[in-house]
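**Student:** Have a peek at model.txt (compact mmCIF, N, CA and C atoms).
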# COMPACT_ATOMS: atom_id res chain seq x y z
N MET A 20 6.88 -9.19 10.20
CA MET A 20 6.26 -9.91 11.30
C MET A 20 5.48 -11.08 10.71
N ASN A 21 5.70 -12.24 11.26
CA ASN A 21 4.99 -13.44 10.82
C ASN A 21 3.98 -13.85 11.89
N VAL A 22 2.77 -14.12 11.45
CA VAL A 22 1.71 -14.57 12.35
C VAL A 22 1.06 -15.79 11.73
N ASP A 23 0.88 -16.82 12.54
CA ASP A 23 0.21 -18.03 12.07
C ASP A 23 -1.29 -17.77 12.02
N THR A 24 -1.81 -17.61 10.82
CA THR A 24 -3.22 -17.25 10.66
C THR A 24 -4.16 -18.44 10.60
N THR A 25 -3.64 -19.66 10.69
CA THR A 25 -4.49 -20.84 10.56
C THR A 25 -5.51 -20.95 11.68
N LYS A 26 -5.20 -20.41 12.85
CA LYS A 26 -6.13 -20.49 13.98
C LYS A 26 -6.78 -19.14 14.29
N MET A 27 -6.62 -18.19 13.37
CA MET A 27 -7.19 -16.85 13.56
C MET A 27 -8.61 -16.82 13.01
N CYS A 28 -9.49 -16.13 13.69
CA CYS A 28 -10.88 -15.94 13.28
C CYS A 28 -10.91 -15.32 11.87
N SER A 29 -11.77 -15.83 11.01
CA SER A 29 -11.85 -15.33 9.64
C SER A 29 -12.28 -13.86 9.59
N HIS A 30 -13.13 -13.45 10.53
CA HIS A 30 -13.54 -12.04 10.58
C HIS A 30 -12.33 -11.15 10.87
N LEU A 31 -11.50 -11.60 11.79
CA LEU A 31 -10.31 -10.83 12.14
C LEU A 31 -9.33 -10.80 10.98
N GLN A 32 -9.19 -11.90 10.28
CA GLN A 32 -8.30 -11.92 9.12
C GLN A 32 -8.71 -10.87 8.10
N ARG A 33 -10.01 -10.78 7.83
CA ARG A 33 -10.49 -9.77 6.86
C ARG A 33 -10.23 -8.36 7.37
N LYS A 34 -10.51 -8.10 8.65
CA LYS A 34 -10.32 -6.77 9.21
C LYS A 34 -8.85 -6.35 9.23
N LEU A 35 -7.97 -7.32 9.37
CA LEU A 35 -6.55 -7.04 9.53
C LEU A 35 -5.79 -7.01 8.22
N PHE A 36 -6.05 -7.94 7.33
CA PHE A 36 -5.21 -8.12 6.15
C PHE A 36 -5.76 -7.50 4.87
N GLU A 37 -7.07 -7.30 4.76
CA GLU A 37 -7.62 -6.70 3.55
C GLU A 37 -7.43 -5.19 3.60
N GLU A 38 -7.15 -4.59 2.46
CA GLU A 38 -6.83 -3.17 2.41
C GLU A 38 -7.94 -2.27 2.95
N ASP A 39 -9.18 -2.69 2.84
CA ASP A 39 -10.27 -1.87 3.35
C ASP A 39 -10.69 -2.28 4.77
N GLY A 40 -9.94 -3.17 5.40
CA GLY A 40 -10.25 -3.61 6.76
C GLY A 40 -9.96 -2.53 7.78
N ILE A 41 -10.74 -2.49 8.86
CA ILE A 41 -10.58 -1.42 9.85
C ILE A 41 -9.28 -1.52 10.64
N TYR A 42 -8.67 -2.72 10.72
CA TYR A 42 -7.41 -2.88 11.43
C TYR A 42 -6.20 -2.89 10.50
N HIS A 43 -6.42 -2.72 9.21
CA HIS A 43 -5.31 -2.79 8.26
C HIS A 43 -4.22 -1.73 8.53
N PRO A 44 -4.56 -0.48 8.84
CA PRO A 44 -3.50 0.50 9.17
C PRO A 44 -2.67 0.06 10.38
N LEU A 45 -3.32 -0.60 11.32
CA LEU A 45 -2.64 -1.13 12.49
C LEU A 45 -1.66 -2.22 12.08
N TRP A 46 -2.09 -3.11 11.18
CA TRP A 46 -1.23 -4.18 10.69
C TRP A 46 -0.01 -3.61 9.97
N LEU A 47 -0.19 -2.58 9.16
CA LEU A 47 0.92 -1.97 8.45
C LEU A 47 1.92 -1.35 9.42
N ALA A 48 1.43 -0.69 10.45
CA ALA A 48 2.31 -0.09 11.46
C ALA A 48 3.08 -1.15 12.22
N MET A 49 2.45 -2.30 12.45
CA MET A 49 3.11 -3.39 13.17
C MET A 49 4.30 -3.94 12.38
N GLN A 50 4.22 -3.88 11.07
CA GLN A 50 5.29 -4.42 10.23
C GLN A 50 6.59 -3.66 10.39
N ASP A 51 6.50 -2.38 10.70
CA ASP A 51 7.68 -1.52 10.80
C ASP A 51 8.21 -1.38 12.22
N ASP A 52 7.53 -1.95 13.19
CA ASP A 52 7.89 -1.77 14.59
C ASP A 52 8.58 -3.03 15.11
N THR A 53 9.87 -2.95 15.34
CA THR A 53 10.63 -4.13 15.76
C THR A 53 10.42 -4.51 17.22
N GLU A 54 9.80 -3.64 18.01
CA GLU A 54 9.54 -3.94 19.42
C GLU A 54 8.28 -4.77 19.60
N LEU A 55 7.48 -4.93 18.55
CA LEU A 55 6.21 -5.63 18.66
C LEU A 55 6.33 -7.10 18.27
N THR A 56 5.57 -7.92 18.98
CA THR A 56 5.37 -9.32 18.61
C THR A 56 3.89 -9.60 18.70
N ALA A 57 3.44 -10.61 18.00
CA ALA A 57 2.01 -10.96 18.02
C ALA A 57 1.85 -12.47 17.99
N VAL A 58 0.83 -12.94 18.70
CA VAL A 58 0.54 -14.37 18.80
C VAL A 58 -0.96 -14.56 18.68
N VAL A 59 -1.37 -15.60 17.97
CA VAL A 59 -2.79 -15.94 17.88
C VAL A 59 -3.12 -16.89 19.02
N ARG A 60 -4.09 -16.49 19.83
CA ARG A 60 -4.58 -17.32 20.92
C ARG A 60 -6.10 -17.22 20.93
N SER A 61 -6.75 -18.36 21.03
CA SER A 61 -8.21 -18.41 21.08
C SER A 61 -8.83 -17.61 19.93
N ARG A 62 -8.23 -17.75 18.74
CA ARG A 62 -8.72 -17.11 17.52
C ARG A 62 -8.56 -15.59 17.53
N GLN A 63 -7.90 -15.04 18.54
CA GLN A 63 -7.67 -13.60 18.66
C GLN A 63 -6.19 -13.30 18.47
N LEU A 64 -5.88 -12.05 18.14
CA LEU A 64 -4.49 -11.63 17.99
C LEU A 64 -4.06 -10.85 19.23
N HIS A 65 -3.08 -11.39 19.94
CA HIS A 65 -2.53 -10.75 21.13
C HIS A 65 -1.23 -10.06 20.72
N ILE A 66 -1.16 -8.76 20.97
CA ILE A 66 -0.02 -7.96 20.54
C ILE A 66 0.78 -7.51 21.76
N TYR A 67 2.09 -7.70 21.68
CA TYR A 67 2.99 -7.39 22.78
C TYR A 67 4.05 -6.38 22.34
N ARG A 68 4.43 -5.51 23.27
CA ARG A 68 5.57 -4.61 23.06
C ARG A 68 6.56 -4.92 24.18
N ASN A 69 7.76 -5.31 23.78
CA ASN A 69 8.80 -5.66 24.75
C ASN A 69 8.29 -6.68 25.79
N ASP A 70 7.60 -7.70 25.31
CA ASP A 70 7.08 -8.80 26.12
C ASP A 70 5.96 -8.41 27.08
N LYS A 71 5.36 -7.25 26.92
CA LYS A 71 4.22 -6.84 27.73
C LYS A 71 3.02 -6.65 26.82
N LYS A 72 1.92 -7.31 27.15
CA LYS A 72 0.72 -7.25 26.31
C LYS A 72 0.16 -5.84 26.30
N VAL A 73 -0.15 -5.36 25.09
CA VAL A 73 -0.72 -4.02 24.95
C VAL A 73 -2.13 -4.05 24.35
N LEU A 74 -2.45 -5.07 23.56
CA LEU A 74 -3.70 -5.04 22.82
C LEU A 74 -4.13 -6.45 22.43
N VAL A 75 -5.46 -6.67 22.44
CA VAL A 75 -6.03 -7.93 21.95
C VAL A 75 -7.08 -7.58 20.91
N LEU A 76 -6.93 -8.14 19.71
CA LEU A 76 -7.88 -7.91 18.63
C LEU A 76 -8.68 -9.18 18.39
N ALA A 77 -9.99 -9.02 18.31
CA ALA A 77 -10.89 -10.14 18.02
C ALA A 77 -11.71 -9.80 16.78
N GLY A 78 -12.28 -10.81 16.16
CA GLY A 78 -13.02 -10.59 14.93
C GLY A 78 -14.35 -9.89 15.11
N LYS A 79 -15.14 -10.33 16.09
CA LYS A 79 -16.48 -9.78 16.22
C LYS A 79 -16.67 -8.89 17.44
N SER A 80 -15.73 -8.87 18.36
CA SER A 80 -15.88 -8.01 19.53
C SER A 80 -14.90 -6.84 19.45
N ALA A 81 -15.11 -5.89 20.33
CA ALA A 81 -14.27 -4.68 20.34
C ALA A 81 -12.85 -5.03 20.78
N PRO A 82 -11.87 -4.28 20.31
CA PRO A 82 -10.49 -4.51 20.74
C PRO A 82 -10.35 -4.22 22.24
N LYS A 83 -9.49 -4.97 22.90
CA LYS A 83 -9.22 -4.77 24.33
C LYS A 83 -7.86 -4.11 24.47
N ILE A 84 -7.87 -2.89 24.96
CA ILE A 84 -6.61 -2.18 25.21
C ILE A 84 -6.14 -2.56 26.61
N ILE A 85 -5.00 -3.19 26.69
CA ILE A 85 -4.45 -3.63 27.96
C ILE A 85 -3.56 -2.54 28.55
N ARG A 86 -2.71 -1.96 27.72
CA ARG A 86 -1.82 -0.86 28.12
C ARG A 86 -1.91 0.23 27.06
N GLU A 87 -1.82 1.47 27.50
CA GLU A 87 -1.79 2.57 26.54
C GLU A 87 -0.50 2.46 25.73
N ASP A 88 -0.65 2.58 24.42
CA ASP A 88 0.49 2.43 23.52
C ASP A 88 0.21 3.24 22.27
N LYS A 89 1.26 3.66 21.60
CA LYS A 89 1.07 4.43 20.37
C LYS A 89 0.34 3.64 19.30
N LEU A 90 0.41 2.32 19.36
CA LEU A 90 -0.30 1.47 18.42
C LEU A 90 -1.82 1.60 18.60
N CYS A 91 -2.26 1.78 19.84
CA CYS A 91 -3.68 1.90 20.14
C CYS A 91 -4.31 3.14 19.51
N GLU A 92 -3.49 4.14 19.22
CA GLU A 92 -3.99 5.37 18.60
C GLU A 92 -4.50 5.13 17.19
N LEU A 93 -4.07 4.02 16.58
CA LEU A 93 -4.49 3.70 15.21
C LEU A 93 -5.82 2.96 15.15
N LEU A 94 -6.37 2.61 16.31
CA LEU A 94 -7.66 1.92 16.33
C LEU A 94 -8.76 2.88 15.91
N PRO A 95 -9.77 2.36 15.20
CA PRO A 95 -10.90 3.22 14.81
C PRO A 95 -11.68 3.65 16.05
N LYS A 96 -12.19 4.84 16.00
CA LYS A 96 -12.96 5.39 17.13
C LYS A 96 -14.38 4.88 17.12
As structure tokens, please, write out the structure in this file.
**Tutor:**
Amino acid sequence: MNVDTTKMCSHLQRKLFEEDGIYHPLWLAMQDDTELTAVVRSRQLHIYRNDKKVLVLAGKSAPKIIREDKLCELLPK
């Protein structure tokens, strides 16, 4: 999965791409799931499954679960 990180919040980049980041397990799972796509909008990562939004990740605010999805189970409690 390719994501244009140039417009992504630096806090989110650290949480997502660094091995000790809280969203890193989520990022790894996204790599193996061919039904998922992701787009950076307003410095946030919008994640879609089969063209339906399921999750929005931001750097400093809590993730927004739009639809229940198996990917959401990987979010930290």
**Student:** Env of Leu64 (chain A): 5 Å cut, atoms = all atoms listed in the file, seq-sep filter 4 positions within chain, self excluded. Answer as a list in words.
**Tutor:**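 Near neighbours after the sequence-gap exclusion: Val58, Val59, Val75 and Leu76 of chain A.
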**Student:** Need the shell around Met27 (chain A): protein/DNA/RNA residues with any atom at most 8 Å away, counting only C-alpha atoms. Skip same-chain ones fewer than 3 positions apart. Format as a CSV table (one decimal) with N, CA and C atoms, in the frame of the given file?
**Tutor:**
chain,number,residue,atom,x,y,z
A,23,ASP,N,0.9,-16.8,12.5
A,23,ASP,CA,0.2,-18.0,12.1
A,23,ASP,C,-1.3,-17.8,12.0
A,24,THR,N,-1.8,-17.6,10.8
A,24,THR,CA,-3.2,-17.2,10.7
A,24,THR,C,-4.2,-18.4,10.6
A,31,LEU,N,-11.5,-11.6,11.8
A,31,LEU,CA,-10.3,-10.8,12.1
A,31,LEU,C,-9.3,-10.8,11.0
A,32,GLN,N,-9.2,-11.9,10.3
A,32,GLN,CA,-8.3,-11.9,9.1
A,32,GLN,C,-8.7,-10.9,8.1
A,59,VAL,N,-1.4,-15.6,18.0
A,59,VAL,CA,-2.8,-15.9,17.9
A,59,VAL,C,-3.1,-16.9,19.0
A,60,ARG,N,-4.1,-16.5,19.8
A,60,ARG,CA,-4.6,-17.3,20.9
A,60,ARG,C,-6.1,-17.2,20.9
A,61,SER,N,-6.8,-18.4,21.0
A,61,SER,CA,-8.2,-18.4,21.1
A,61,SER,C,-8.8,-17.6,19.9
A,62,ARG,N,-8.2,-17.8,18.7
A,62,ARG,CA,-8.7,-17.1,17.5
A,62,ARG,C,-8.6,-15.6,17.5
A,63,GLN,N,-7.9,-15.0,18.5
A,63,GLN,CA,-7.7,-13.6,18.7
A,63,GLN,C,-6.2,-13.3,18.5
A,64,LEU,N,-5.9,-12.0,18.1
A,64,LEU,CA,-4.5,-11.6,18.0
A,64,LEU,C,-4.1,-10.8,19.2
**Student:** Between A:Cys28, A:Phe36, A:His43, A:Ala48, which has the minimum distance to Leu90 (chain A) (counting only C-alpha atoms)?
**Tutor:**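 Answer, going by the shortest atom-to-atom distance: A:Ala48.
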**Student:** In Å to one decimal, how far is atom C of Ile41 (chain A) from CA of Lys96 (chain A)?
**Tutor:**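 Those two atoms sit 10.2 Å apart.
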**Student:** Tell me, in Å to one decimal, how far CA of Ser80 (chain A) is from CA of Leu47 (chain A).
**Tutor:** 21.0 Å
**Student:** To one decimal in Å, tell me the separation between atom C of Pro82 (chain A) and atom C of Val22 (chain A).
**Tutor:**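 Atom C of Val22 (chain A) lies at a distance of 19.4 Å from atom C of Pro82 (chain A).
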**Student:** Determine, counting all atoms listed in the file, which protein, DNA and RNA residues have an atom within 8 Å of an atom of Lys34 (chain A); residues of the same chain fewer than 4 positions away are not included. Present the result as a list in words.
**Tutor:**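 Close residues of Lys34 (chain A): Cys28, Ser29, His30, Glu38, Asp39, Gly40, Ile41, Tyr42, His43, Pro44, Trp46 and Gly78 of chain A.
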**Student:** Between A:Ile84, A:Met20, A:Leu55, A:Met49, which residue has the minimum interatomic distance to Arg68 (chain A), considering only C-alpha atoms?
**Tutor:**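 Closest candidate: A:Leu55.
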**Student:** Could you write out, as number ranges by chain, all the residues of chain A that DSSP marks as helix (DSSP H, G or I)?
**Tutor:** A: 24-26, 29-36, 43-50, 89-93
**Student:** Taking all listed atoms of region 30-33 of chain A, build the axis-aligned box, pad each of the six sides by 3 Å, then write its centre and edge lengths in Å to one decimal as JSON.
**Tutor:**
{"center_x": -10.9, "center_y": -10.9, "center_z": 9.5, "size_x": 11.2, "size_y": 11.1, "size_z": 11.3}
**Student:** Compile the contact shell of Asn21 (chain A) as a PyMOL selection string: residues with an atom at most 8 Å away, counting all atoms listed in the file, same-chain residues fewer than 4 positions apart removed.
**Tutor:** chain A and resi 50+56-58
**Student:** Give me, as a ChimeraX atom specification, the residues of chain A that a backbone DSSP run labels strand (DSSP E).
**Tutor:** /A:55-60,63-68,71-76,83-84
**Student:** Which residues are near Asp88 (chain A)? Cut-off 8 Å, only N, CA and C atoms, ignore same chain within fewer than 4 positions. Put them as a list in words.
**Tutor:**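 Close residues of Asp88 (chain A): Val73, Leu74, Ile84, Glu92 and Leu93 of chain A.
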